[in-house]
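Undergrad: Quick one, query-v1.tsv (TSV, C-alpha atoms):
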```
chain	number	residue	atom	x	y	z
Q	1	MET	CA	45.84	-86.89	95.22
Q	2	GLU	CA	45.26	-86.29	91.53
Q	3	MET	CA	41.78	-85.59	90.20
Q	4	GLU	CA	40.84	-87.32	86.95
Q	5	GLU	CA	39.76	-84.17	85.11
Q	6	ASN	CA	43.18	-82.56	85.55
Q	7	LYS	CA	45.48	-85.36	84.45
Q	8	GLY	CA	46.14	-83.72	81.10
Q	9	LEU	CA	47.47	-80.49	82.63
Q	10	SER	CA	51.17	-79.71	82.64
Q	11	LYS	CA	53.32	-80.25	85.69
Q	12	ILE	CA	54.89	-77.01	86.86
Q	13	SER	CA	58.02	-76.99	89.01
Q	14	ARG	CA	59.27	-74.21	91.24
Q	15	ILE	CA	63.03	-73.87	91.29
Q	16	ASP	CA	65.26	-71.61	93.38
Q	17	LYS	CA	66.27	-68.76	91.07
Q	18	ASN	CA	69.95	-69.47	91.68
Q	19	PHE	CA	69.63	-72.84	89.94
Q	20	MET	CA	68.16	-71.20	86.82
Q	21	SER	CA	70.65	-68.41	86.09
Q	22	PRO	CA	73.52	-69.01	83.61
Q	23	ASP	CA	76.08	-68.50	86.37
Q	24	GLY	CA	74.18	-70.82	88.70
Q	25	ILE	CA	74.01	-73.56	86.06
Q	26	HIS	CA	77.71	-73.08	85.31
Q	27	ASP	CA	78.58	-73.27	89.02
Q	28	LEU	CA	76.51	-76.42	89.35
Q	29	SER	CA	78.52	-77.99	86.54
Q	30	SER	CA	81.79	-76.99	88.22
Q	31	GLN	CA	80.68	-78.66	91.43
Q	32	PHE	CA	79.03	-81.83	90.11
Q	33	GLY	CA	80.72	-82.37	86.75
Q	34	GLU	CA	79.05	-84.90	84.48
Q	35	HIS	CA	76.36	-85.46	87.10
Q	36	ALA	CA	75.17	-81.83	86.89
Q	37	PRO	CA	72.40	-82.53	84.29
Q	38	LEU	CA	70.82	-85.15	86.57
Q	39	VAL	CA	71.26	-82.88	89.61
Q	40	MET	CA	69.25	-80.27	87.70
Q	41	GLU	CA	66.54	-82.83	86.93
Q	42	ILE	CA	66.34	-83.91	90.58
Q	43	ILE	CA	66.05	-80.27	91.71
Q	44	SER	CA	63.30	-79.72	89.12
Q	45	PHE	CA	61.53	-82.88	90.31
Q	46	LEU	CA	61.69	-81.75	93.94
Q	47	GLY	CA	60.22	-78.44	92.81
Q	48	VAL	CA	57.20	-80.31	91.42
Q	49	LYS	CA	56.72	-82.22	94.66
Q	50	PHE	CA	57.12	-79.05	96.72
Q	51	LYS	CA	54.63	-77.01	94.68
Q	52	TYR	CA	51.85	-79.57	94.96
Q	53	ASN	CA	52.42	-80.88	98.46
Q	54	PHE	CA	53.93	-78.39	100.88
Q	55	PHE	CA	53.43	-80.60	103.94
Q	56	ASN	CA	54.70	-84.02	102.88
Q	57	LEU	CA	58.02	-83.43	101.24
Q	58	PHE	CA	59.79	-85.63	98.81
Q	59	ASN	CA	58.86	-89.29	99.03
Q	60	THR	CA	59.42	-91.01	95.70
Q	61	SER	CA	60.72	-93.95	93.67
Q	62	VAL	CA	62.78	-94.31	90.52
Q	63	ASP	CA	59.55	-95.24	88.71
Q	64	GLU	CA	57.88	-91.93	89.66
Q	65	PHE	CA	61.00	-89.91	88.93
Q	66	SER	CA	61.32	-91.54	85.51
Q	67	LYS	CA	57.66	-90.90	84.69
Q	68	ILE	CA	57.76	-87.19	85.56
Q	69	THR	CA	61.15	-86.38	84.03
Q	70	GLY	CA	61.04	-88.72	81.04
Q	71	ILE	CA	64.47	-90.19	81.89
Q	72	ASP	CA	64.53	-93.91	81.14
Q	73	LYS	CA	64.84	-96.18	84.19
Q	74	SER	CA	67.69	-98.10	82.57
Q	75	THR	CA	69.70	-94.85	82.53
Q	76	LEU	CA	68.93	-94.13	86.17
Q	77	ASN	CA	69.68	-97.68	87.33
Q	78	ARG	CA	72.94	-98.23	85.44
Q	79	ALA	CA	76.07	-98.45	87.58
Q	80	VAL	CA	78.40	-95.45	87.65
Q	81	PRO	CA	81.78	-96.59	86.23
Q	82	LEU	CA	84.61	-96.93	88.72
Q	83	GLY	CA	87.83	-95.10	87.91
Q	84	PRO	CA	90.55	-92.77	89.24
Q	85	HIS	CA	87.99	-90.37	90.74
Q	86	LEU	CA	85.72	-93.09	92.13
Q	87	LYS	CA	87.59	-96.17	93.34
Q	88	LYS	CA	84.66	-97.66	95.27
Q	89	TYR	CA	81.00	-96.87	95.80
Q	90	PRO	CA	79.80	-95.18	99.02
Q	91	LYS	CA	78.17	-97.79	101.24
Q	92	TYR	CA	76.04	-97.32	104.34
Q	93	ASN	CA	74.14	-99.99	106.27
Q	94	GLY	CA	74.67	-102.41	103.43
Q	95	HIS	CA	73.34	-100.07	100.73
Q	96	GLU	CA	75.73	-99.14	97.92
Q	97	PHE	CA	75.14	-95.84	96.16
Q	98	LYS	CA	76.29	-97.19	92.81
Q	99	SER	CA	73.50	-96.48	90.33
Q	100	TYR	CA	73.49	-93.20	88.39
Q	101	PHE	CA	70.47	-92.03	90.41
Q	102	ASP	CA	71.77	-93.22	93.80
Q	103	TYR	CA	75.28	-91.86	93.38
Q	104	THR	CA	73.96	-88.48	92.20
Q	105	ILE	CA	71.71	-88.03	95.23
Q	106	TYR	CA	74.63	-89.07	97.43
Q	107	MET	CA	76.70	-86.26	95.86
Q	108	MET	CA	73.86	-83.82	96.50
Q	109	LEU	CA	73.97	-84.83	100.17
Q	110	SER	CA	77.74	-84.82	100.61
Q	111	ARG	CA	78.74	-81.71	98.62
Q	112	ASN	CA	77.87	-78.06	99.12
Q	113	TRP	CA	77.04	-75.94	96.09
Q	114	ILE	CA	78.80	-72.57	95.93
Q	115	PHE	CA	77.29	-69.63	94.03
Q	116	SER	CA	79.66	-67.28	92.25
Q	117	LYS	CA	76.95	-64.69	91.57
Q	118	PRO	CA	73.93	-65.37	93.77
Q	119	VAL	CA	70.54	-64.05	92.72
Q	120	HIS	CA	69.14	-61.50	95.16
Q	121	THR	CA	65.51	-60.97	96.01
Q	122	THR	CA	63.71	-58.97	98.65
Q	123	TYR	CA	60.48	-59.91	100.38
Q	124	LYS	CA	59.05	-58.00	103.31
Q	125	ASP	CA	62.28	-55.99	103.64
Q	126	ASN	CA	64.41	-59.10	104.17
Q	127	GLU	CA	67.07	-59.86	101.59
Q	128	THR	CA	67.69	-63.48	100.70
Q	129	LYS	CA	71.29	-64.10	99.74
Q	130	ILE	CA	72.56	-67.63	99.33
Q	131	THR	CA	76.25	-68.13	98.64
Q	132	SER	CA	76.73	-71.78	99.58
Q	133	ILE	CA	74.18	-74.44	100.41
Q	134	GLN	CA	73.83	-78.13	101.00
Q	135	ILE	CA	71.04	-79.30	98.69
Q	136	LEU	CA	69.94	-82.52	100.43
Q	137	GLU	CA	70.19	-82.90	104.16
Q	138	GLU	CA	68.90	-86.44	104.62
Q	139	ILE	CA	68.28	-89.47	102.42
Q	140	ILE	CA	66.34	-92.55	103.50
Q	141	VAL	CA	66.35	-95.56	101.18
Q	142	ARG	CA	63.95	-98.44	101.79
Q	143	LYS	CA	63.42	-101.63	99.81
Q	144	LYS	CA	59.84	-102.36	98.78
Q	145	ASN	CA	60.56	-106.00	99.58
Q	146	GLU	CA	63.25	-106.32	102.22
Q	147	HIS	CA	63.75	-110.01	101.50
Q	148	ALA	CA	64.39	-109.59	97.77
Q	149	ALA	CA	67.97	-108.95	96.66
Q	150	THR	CA	66.95	-106.71	93.73
Q	151	SER	CA	63.79	-105.14	95.11
Q	152	ALA	CA	62.75	-101.67	93.91
Q	153	LYS	CA	63.57	-98.89	96.35
Q	154	LEU	CA	61.58	-96.10	97.96
Q	155	TYR	CA	63.30	-92.80	98.73
Q	156	SER	CA	62.63	-90.04	101.22
Q	157	PHE	CA	64.52	-86.75	100.88
Q	158	ARG	CA	64.96	-83.84	103.26
Q	159	ILE	CA	66.19	-80.64	101.65
Q	160	SER	CA	68.30	-78.11	103.52
Q	161	GLU	CA	66.65	-75.28	105.44
Q	162	LYS	CA	68.23	-72.67	103.16
Q	163	LEU	CA	66.93	-74.37	100.03
Q	164	MET	CA	63.49	-74.78	101.57
Q	165	ALA	CA	63.37	-71.03	102.33
Q	166	ALA	CA	64.42	-70.22	98.77
Q	167	MET	CA	61.78	-72.52	97.27
Q	168	GLN	CA	59.12	-70.81	99.38
Q	169	GLY	CA	59.91	-67.28	98.32
Q	170	GLN	CA	62.64	-67.11	95.70
Q	171	PHE	CA	61.67	-69.19	92.70
Q	172	TRP	CA	60.85	-69.19	89.01
Q	173	PRO	CA	58.44	-71.69	87.43
Q	174	ILE	CA	59.32	-74.22	84.75
Q	175	ASP	CA	57.05	-76.47	82.65
Q	176	VAL	CA	58.34	-79.98	83.33
Q	177	ASP	CA	56.19	-81.60	80.64
Q	178	GLN	CA	57.56	-79.28	77.96
Q	179	LYS	CA	61.10	-80.07	79.04
Q	180	LYS	CA	60.34	-83.78	78.89
Q	181	ARG	CA	59.41	-83.43	75.20
Q	182	LEU	CA	63.06	-82.73	74.40
Q	183	GLY	CA	63.53	-86.45	74.34
Q	184	GLN	CA	66.07	-89.05	75.39
Q	185	PHE	CA	68.10	-87.73	78.32
Q	186	LYS	CA	71.61	-88.39	77.05
Q	187	ARG	CA	70.91	-86.53	73.80
Q	188	SER	CA	68.96	-83.68	75.37
Q	189	GLN	CA	71.05	-82.77	78.43
Q	190	ASN	CA	72.33	-79.52	76.92
Q	191	ALA	CA	68.89	-78.50	75.65
Q	192	ARG	CA	67.30	-79.31	79.02
Q	193	ALA	CA	69.83	-77.11	80.82
Q	194	LEU	CA	69.22	-74.25	78.37
Q	195	PHE	CA	65.45	-74.76	78.70
Q	196	THR	CA	65.84	-74.07	82.43
Q	197	ALA	CA	67.51	-70.69	81.84
Q	198	LEU	CA	65.05	-69.78	79.07
Q	199	SER	CA	62.19	-70.46	81.49
Q	200	ALA	CA	63.68	-67.95	83.93
Q	201	TRP	CA	64.17	-65.27	81.26
Q	202	ARG	CA	60.66	-65.90	79.92
Q	203	HIS	CA	58.99	-65.57	83.32
Q	204	THR	CA	60.92	-62.39	84.13
Q	205	ALA	CA	60.20	-60.81	80.73
Q	206	LEU	CA	56.48	-61.63	80.73
Q	207	SER	CA	56.09	-60.59	84.38
Q	208	GLN	CA	57.58	-57.20	83.53
Q	209	LYS	CA	55.33	-56.86	80.44
Q	210	LYS	CA	58.49	-56.49	78.38
Q	211	ASN	CA	58.16	-59.82	76.51
Q	212	TYR	CA	61.82	-60.01	75.52
Q	213	ALA	CA	65.30	-60.44	76.97
Q	214	ILE	CA	68.71	-59.42	75.63
Q	215	VAL	CA	71.46	-61.89	76.55
Q	216	THR	CA	74.99	-62.61	75.41
Q	217	LEU	CA	76.39	-65.68	73.71
Q	218	ASN	CA	78.47	-66.29	76.83
Q	219	ASP	CA	75.28	-66.41	78.95
Q	220	LEU	CA	73.79	-69.03	76.65
Q	221	VAL	CA	77.03	-71.04	76.59
Q	222	LYS	CA	77.04	-71.22	80.40
Q	223	ALA	CA	73.34	-72.12	80.50
Q	224	THR	CA	73.78	-74.89	77.91
Q	225	LEU	CA	76.71	-76.55	79.73
Q	226	LEU	CA	78.94	-76.19	76.66
Q	227	LYS	CA	82.74	-76.27	76.81
Q	228	GLU	CA	83.71	-72.62	76.75
Q	229	GLU	CA	87.13	-73.14	75.18
Q	230	GLN	CA	85.56	-73.80	71.76
Q	231	GLU	CA	85.66	-71.12	69.07
Q	232	PRO	CA	82.78	-68.61	69.32
Q	233	LYS	CA	81.44	-69.52	65.88
Q	234	HIS	CA	81.19	-73.20	66.89
Q	235	LEU	CA	79.54	-72.28	70.18
Q	236	LYS	CA	77.07	-70.11	68.28
Q	237	GLN	CA	76.18	-73.04	66.00
Q	238	ALA	CA	75.61	-75.30	69.02
Q	239	ILE	CA	73.42	-72.65	70.67
Q	240	ILE	CA	71.32	-72.29	67.53
Q	241	ARG	CA	70.79	-76.07	67.36
Q	242	ASN	CA	69.65	-76.20	70.97
Q	243	LEU	CA	67.41	-73.14	70.66
Q	244	ASN	CA	65.72	-74.65	67.60
Q	245	LYS	CA	65.33	-77.97	69.39
Q	246	ILE	CA	63.56	-76.26	72.29
Q	247	LYS	CA	61.36	-74.21	69.96
Q	248	ASN	CA	60.38	-77.09	67.67
Q	249	GLU	CA	60.21	-80.07	70.03
Q	250	ALA	CA	59.21	-78.64	73.41
Q	251	GLY	CA	56.57	-76.21	72.14
Q	252	PHE	CA	58.27	-73.38	74.00
Q	253	GLU	CA	56.85	-70.16	72.52
Q	254	PHE	CA	59.70	-67.83	71.58
Q	255	ASP	CA	61.77	-66.45	68.71
Q	256	PHE	CA	65.41	-65.46	68.69
Q	257	GLU	CA	67.80	-63.41	66.62
Q	258	PHE	CA	71.51	-62.70	66.88
Q	259	PHE	CA	72.76	-59.12	66.57
Q	260	SER	CA	75.70	-56.89	67.42
Q	261	PRO	CA	75.24	-53.67	69.42
Q	262	TYR	CA	78.49	-52.40	67.93
Q	263	LYS	CA	79.49	-51.65	64.36
Q	264	HIS	CA	81.80	-54.11	62.61
Q	265	LYS	CA	81.59	-56.61	65.48
Q	266	GLU	CA	80.40	-60.22	65.46
Q	267	ASP	CA	76.70	-60.66	66.25
Q	268	TYR	CA	77.13	-62.44	69.58
Q	269	HIS	CA	74.18	-60.85	71.37
Q	270	ILE	CA	70.76	-62.49	71.22
Q	271	LYS	CA	67.28	-61.06	71.52
Q	272	LEU	CA	64.81	-63.60	72.90
Q	273	GLN	CA	61.17	-62.72	72.13
Q	274	PHE	CA	58.62	-64.54	74.31
Q	275	TYR	CA	54.88	-65.14	73.84
Q	276	GLY	CA	51.95	-66.33	75.91
Q	277	LYS	CA	51.41	-65.90	79.64
Q	278	THR	CA	53.44	-66.64	82.74
Q	279	LEU	CA	53.15	-70.19	84.07
Q	280	GLU	CA	52.14	-68.87	87.48
Q	281	GLY	CA	50.13	-65.82	88.38
Q	282	GLN	CA	50.92	-63.45	91.21
Q	283	GLU	CA	48.17	-65.13	93.25
Q	284	GLU	CA	50.07	-68.42	93.43
Q	285	ILE	CA	53.23	-66.68	94.53
Q	286	ILE	CA	51.33	-64.78	97.23
Q	287	PHE	CA	49.71	-68.03	98.40
Q	288	SER	CA	53.08	-69.75	98.82
Q	289	ARG	CA	54.69	-66.85	100.66
Q	290	GLU	CA	51.70	-66.16	102.89
Q	291	LEU	CA	51.37	-69.83	103.82
Q	292	HIS	CA	55.03	-69.96	104.78
Q	293	ALA	CA	54.65	-66.79	106.87
Q	294	GLN	CA	51.54	-68.12	108.67
Q	295	LEU	CA	53.19	-71.45	109.42
Q	296	GLU	CA	56.23	-69.74	110.92
Q	297	ILE	CA	53.94	-67.74	113.21
Q	298	ILE	CA	52.23	-70.95	114.41
Q	299	PHE	CA	55.55	-72.71	114.92
Q	300	ASN	CA	57.17	-69.84	116.80
Q	301	LYS	CA	54.18	-69.60	119.16
Q	302	GLY	CA	53.74	-73.36	119.52
Q	303	LYS	CA	54.49	-75.22	122.75
Q	304	THR	CA	54.65	-78.88	123.71
Q	305	GLN	CA	52.41	-80.43	126.35
Q	306	ASP	CA	55.06	-79.75	128.98
Q	307	GLY	CA	55.25	-76.09	127.99
Q	308	ARG	CA	58.48	-76.06	125.97
Q	309	PRO	CA	58.48	-73.85	122.84
Q	310	TYR	CA	58.76	-75.81	119.60
Q	311	LYS	CA	61.69	-73.69	118.47
Q	312	ASP	CA	63.70	-74.64	121.60
Q	313	LEU	CA	63.25	-78.38	121.19
Q	314	ASN	CA	66.43	-80.42	120.92
Q	315	ILE	CA	65.61	-83.49	118.86
Q	316	PRO	CA	68.49	-86.01	118.53
Q	317	ASN	CA	70.03	-86.01	115.04
Q	318	GLU	CA	67.61	-83.27	113.95
Q	319	LYS	CA	68.93	-79.93	112.70
Q	320	ASN	CA	65.66	-78.42	111.55
Q	321	THR	CA	62.86	-78.73	114.07
Q	322	TYR	CA	60.65	-76.41	111.98
Q	323	GLN	CA	61.01	-78.54	108.87
Q	324	ARG	CA	60.25	-81.70	110.84
Q	325	TRP	CA	57.14	-80.00	112.23
Q	326	VAL	CA	55.97	-78.88	108.78
Q	327	GLN	CA	56.50	-82.36	107.37
Q	328	ASN	CA	54.35	-84.06	110.01
Q	329	PRO	CA	50.78	-83.52	108.71
Q	330	LYS	CA	49.26	-84.94	111.90
Q	331	PHE	CA	50.92	-82.34	114.13
Q	332	ASP	CA	48.81	-79.19	114.61
Q	333	ALA	CA	46.78	-80.15	111.53
Q	334	GLU	CA	43.87	-77.87	112.40
Q	335	GLN	CA	46.10	-74.81	112.84
Q	336	LYS	CA	47.91	-75.64	109.61
Q	337	SER	CA	44.54	-75.89	107.86
Q	338	VAL	CA	43.61	-72.43	109.09
Q	339	ALA	CA	46.98	-71.19	107.79
Q	340	VAL	CA	46.16	-72.64	104.36
Q	341	GLN	CA	42.76	-70.94	104.43
Q	342	MET	CA	44.25	-67.57	105.41
Q	343	ALA	CA	46.92	-67.77	102.70
Q	344	TYR	CA	44.32	-68.76	100.11
Q	345	ARG	CA	42.12	-65.84	101.06
Q	346	ALA	CA	45.07	-63.42	100.89
Q	347	ALA	CA	45.98	-64.67	97.41
Q	348	TYR	CA	42.60	-65.35	95.76
Q	349	LYS	CA	40.20	-63.22	97.84
Q	350	LYS	CA	38.02	-66.31	98.31
Q	351	VAL	CA	37.41	-68.68	101.24
Q	352	LEU	CA	38.56	-72.25	100.67
Q	353	PRO	CA	36.50	-74.64	102.83
Q	354	LEU	CA	38.42	-75.94	105.84
Q	355	VAL	CA	37.78	-79.54	104.75
Q	356	ASP	CA	39.76	-78.82	101.56
Q	357	CYS	CA	42.46	-77.09	103.57
Q	358	MET	CA	42.71	-80.13	105.84
Q	359	ASN	CA	42.97	-82.39	102.81
Q	360	TYR	CA	45.82	-80.22	101.54
Q	361	VAL	CA	47.65	-80.61	104.86
Q	362	HIS	CA	47.30	-84.40	104.90
Q	363	ASN	CA	47.57	-85.28	101.22
Q	364	GLY	CA	48.55	-82.24	99.22
Q	365	PHE	CA	46.59	-81.14	96.17
Q	366	SER	CA	48.51	-82.39	93.17
Q	367	ASN	CA	46.36	-80.02	91.16
Q	368	LEU	CA	45.54	-77.23	93.64
Q	369	PHE	CA	46.63	-74.36	91.41
Q	370	ASP	CA	45.46	-76.04	88.20
Q	371	LEU	CA	42.06	-76.45	89.86
Q	372	VAL	CA	42.02	-72.73	90.57
Q	373	THR	CA	42.87	-72.01	86.94
Q	374	ILE	CA	40.13	-74.30	85.60
Q	375	GLN	CA	37.51	-72.85	87.90
Q	376	THR	CA	38.56	-69.34	87.01
Q	377	ASN	CA	38.23	-70.11	83.31
Q	378	GLU	CA	34.78	-71.56	83.95
Q	379	GLY	CA	33.73	-68.48	85.90
Q	380	LYS	CA	33.42	-70.36	89.20
Q	381	ILE	CA	35.96	-68.23	91.06
```
Step by step, read the file and then write its structure as structure tokens.
TA:
Amino acid sequence: MEMEENKGLSKISRIDKNFMSPDGIHDLSSQFGEHAPLVMEIISFLGVKFKYNFFNLFNTSVDEFSKITGIDKSTLNRAVPLGPHLKKYPKYNGHEFKSYFDYTIYMMLSRNWIFSKPVHTTYKDNETKITSIQILEEIIVRKKNEHAATSAKLYSFRISEKLMAAMQGQFWPIDVDQKKRLGQFKRSQNARALFTALSAWRHTALSQKKNYAIVTLNDLVKATLLKEEQEPKHLKQAIIRNLNKIKNEAGFEFDFEFFSPYKHKEDYHIKLQFYGKTLEGQEEIIFSRELHAQLEIIFNKGKTQDGRPYKDLNIPNEKNTYQRWVQNPKFDAEQKSVAVQMAYRAAYKKVLPLVDCMNYVHNGFSNLFDLVTIQTNEGKI
């Protein structure tokens, strides 16, 4: 539910760190080929949905996806060409996954993504290490008008349990509206991919009060989805074009310079100097992690009316009972509201009224954290 006064604020996505590292982006390209840029956009889009509505995951349409990402609907709806590697479209219950959008989400469901160099993080003495994950676990496609042959479609996505855990505690933020300013998707795919890695470096540098990052040309080549067999001088020229595009068109605040740490060597190292503040404060990160921790406590203690623990339930065709429980806002809504209130207090040292917490459980706050920011700036919190 979006409040009128906050419509002008940027959309911030939370993305699993592994999707934002140069090696992660490179691995994604190896796994999904020419569909990798759209896979990255879908992951970024799911990160927006997840940040603003923890309890009602991932219901959308091509119209909404196009609006948030800036990718034209005609691009998303065009048919994927048939050829040696795709002789016919996947078809289930009469639905063909033939459009660029449909076929890409089908790939995200049917293929695992393997990390060559997973990002590690530690929270509460538990190390999160992901080496291979399934991104989407379930796709439901419904026609808005079941009697119309070309009716628009509604989509529901379920992400994998591993990805859900990563998005709750192992993420970097990215400004989706800035990325959208890079323009028409086909011409901006490389810049969009590089923007993702720059966002990770920026957040890390600013969080550490260092304000800069030193990276190699090879890192930037991987992050930009460039063909690595090109000559270094040509790769450098392509990197410079994309860095300037991001700086001038997206409004991303940074400077860059190439240098060599060795005498008489080519200047294929880059210093990235960042400005401004992090997109998310430590309070938002604490809120997300504490909410997840509180919900797990409720779930692990929860029992059905006949006394069976939630965690021991065997639901037909359901792998993740916890995720199904979280996604049902009507189930244990009052306890979930208390969990929201406790997490909010832990993060912001203020008490959020239970009526607002209940609203968050049922509807999500599309502007929950932006509202906090505005009130803070106005001296209300």
Undergrad: So the first atom is atom CA of Q:Asn359 and the second is atom CA of Q:Leu136; what is the distance between them in Å, to one decimal place?
TA: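 Atom-to-atom, atom CA of Q:Asn359 to atom CA of Q:Leu136, that is 27.1 Å.
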Undergrad: From the list Q:Phe254, Q:Asn190, Q:Glu138, Q:Trp113, which residue is nearest Q:Ser30 when using only C-alpha atoms?
TA: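 Under the stated criterion, the closest residue is Q:Trp113.
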Undergrad: Using only C-alpha atoms, give me every residue within 9 Å of (71.8, -61.9, 75.1) in file coordinates, as a ChimeraX atom specification.
TA: /Q:213-220,258,268-272
Undergrad: So which residues fall inside 12 Å of (81.1, -74.3, 87.3) if we count all atoms listed in the file? Mind giving them as a PyMOL selection string?
TA: chain Q and resi 19+22-34+36+113-117+221-228
Undergrad: Keeping only C-alpha atoms, write the selected residues as a CSV table (one decimal), in the frame of the given file.
TA:
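Contents of selection31.csv, as written:
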```
chain,number,residue,atom,x,y,z
Q,19,PHE,CA,69.6,-72.8,89.9
Q,22,PRO,CA,73.5,-69.0,83.6
Q,23,ASP,CA,76.1,-68.5,86.4
Q,24,GLY,CA,74.2,-70.8,88.7
Q,25,ILE,CA,74.0,-73.6,86.1
Q,26,HIS,CA,77.7,-73.1,85.3
Q,27,ASP,CA,78.6,-73.3,89.0
Q,28,LEU,CA,76.5,-76.4,89.4
Q,29,SER,CA,78.5,-78.0,86.5
Q,30,SER,CA,81.8,-77.0,88.2
Q,31,GLN,CA,80.7,-78.7,91.4
Q,32,PHE,CA,79.0,-81.8,90.1
Q,33,GLY,CA,80.7,-82.4,86.8
Q,34,GLU,CA,79.0,-84.9,84.5
Q,36,ALA,CA,75.2,-81.8,86.9
Q,113,TRP,CA,77.0,-75.9,96.1
Q,114,ILE,CA,78.8,-72.6,95.9
Q,115,PHE,CA,77.3,-69.6,94.0
Q,116,SER,CA,79.7,-67.3,92.2
Q,117,LYS,CA,77.0,-64.7,91.6
Q,221,VAL,CA,77.0,-71.0,76.6
Q,222,LYS,CA,77.0,-71.2,80.4
Q,223,ALA,CA,73.3,-72.1,80.5
Q,224,THR,CA,73.8,-74.9,77.9
Q,225,LEU,CA,76.7,-76.6,79.7
Q,226,LEU,CA,78.9,-76.2,76.7
Q,227,LYS,CA,82.7,-76.3,76.8
Q,228,GLU,CA,83.7,-72.6,76.8
```
Undergrad: Find the residues near stretch 60-74 of chain Q: any atom within 9 Å, counting all atoms listed in the file, skip ones fewer than 6 places away on the same chain, and give them as JSON, numbers by chain.
TA: {"Q": [11, 41, 42, 44, 45, 101, 152, 153, 154, 155, 156, 157, 176, 177, 179, 180, 181, 183, 184, 185, 186]}
Undergrad: Measuring atom to atom with all atoms listed in the file, identify which of Q:Asn363, Q:Gln335, Q:Ser99, Q:Gln178 is nearest to Q:Gly251.
TA: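 Using all atoms listed in the file, Q:Gly251 sits closest to Q:Gln178.
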Undergrad: Q:Ala205, Q:Val351, Q:Leu38, Q:Met358: which is nearest Q:Pro329, counting all atoms listed in the file?
TA: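 Smallest separation from Q:Pro329 among the options: Q:Met358.
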Undergrad: My list of candidates is Q:Val355, Q:Phe54, Q:Arg14, Q:Glu280. Which is closest to Q:Trp325 when distances are computed with all atoms listed in the file?
TA: Q:Phe54
Undergrad: Report, in Å to a single decimal, how far apart atom CA of Q:Leu46 and atom CA of Q:Met20 are.
TA: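 Spanning atom CA of Q:Met20 to atom CA of Q:Leu46 is a straight-line distance of 14.3 Å.
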Undergrad: Report the distance between atom CA of Q:Ile298 and atom CA of Q:Ala347 in Å, rounded to one decimal place.
TA: 19.2 Å
Undergrad: Go through Q:Leu279, Q:Val80, Q:Ala333, Q:Val39 one by one, measure the shortest atom-to-atom distance of each to Q:Leu206 using only C-alpha atoms, and give the residue with the smallest value.
TA: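 Of all the options, Q:Leu279 lies closest to Q:Leu206.
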Undergrad: Considering only C-alpha atoms, state which residue in the set Q:Leu182, Q:Lys233, Q:Lys311, Q:Phe299 is at the smallest distance from Q:Ala250.
TA: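 For Q:Ala250, the nearest of the given residues is Q:Leu182.
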Undergrad: Missing atoms in stretch 281-292 of chain Q: fill them in up to N, CA and C atoms and send the result as a CSV table (one decimal), in the frame of the given file.
TA:
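This went into part12.csv:
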```csv
chain,number,residue,atom,x,y,z
Q,281,GLY,N,50.6,-67.2,88.1
Q,281,GLY,CA,50.1,-65.8,88.4
Q,281,GLY,C,50.6,-65.3,89.7
Q,282,GLN,N,50.5,-64.0,90.0
Q,282,GLN,CA,50.9,-63.4,91.2
Q,282,GLN,C,50.2,-64.1,92.4
Q,283,GLU,N,49.0,-64.5,92.2
Q,283,GLU,CA,48.2,-65.1,93.2
Q,283,GLU,C,48.9,-66.4,93.8
Q,284,GLU,N,49.4,-67.2,93.0
Q,284,GLU,CA,50.1,-68.4,93.4
Q,284,GLU,C,51.3,-68.1,94.2
Q,285,ILE,N,52.0,-67.1,93.8
Q,285,ILE,CA,53.2,-66.7,94.5
Q,285,ILE,C,52.9,-66.1,95.9
Q,286,ILE,N,51.8,-65.3,95.9
Q,286,ILE,CA,51.3,-64.8,97.2
Q,286,ILE,C,50.9,-65.9,98.1
Q,287,PHE,N,50.2,-66.9,97.6
Q,287,PHE,CA,49.7,-68.0,98.4
Q,287,PHE,C,50.9,-68.7,99.1
Q,288,SER,N,51.9,-69.0,98.3
Q,288,SER,CA,53.1,-69.8,98.8
Q,288,SER,C,53.8,-68.9,99.9
Q,289,ARG,N,54.0,-67.7,99.7
Q,289,ARG,CA,54.7,-66.8,100.7
Q,289,ARG,C,53.9,-66.6,101.9
Q,290,GLU,N,52.6,-66.4,101.7
Q,290,GLU,CA,51.7,-66.2,102.9
Q,290,GLU,C,51.6,-67.4,103.7
Q,291,LEU,N,51.5,-68.6,103.1
Q,291,LEU,CA,51.4,-69.8,103.8
Q,291,LEU,C,52.6,-70.0,104.7
Q,292,HIS,N,53.8,-69.8,104.1
Q,292,HIS,CA,55.0,-70.0,104.8
Q,292,HIS,C,55.1,-69.0,106.0
```
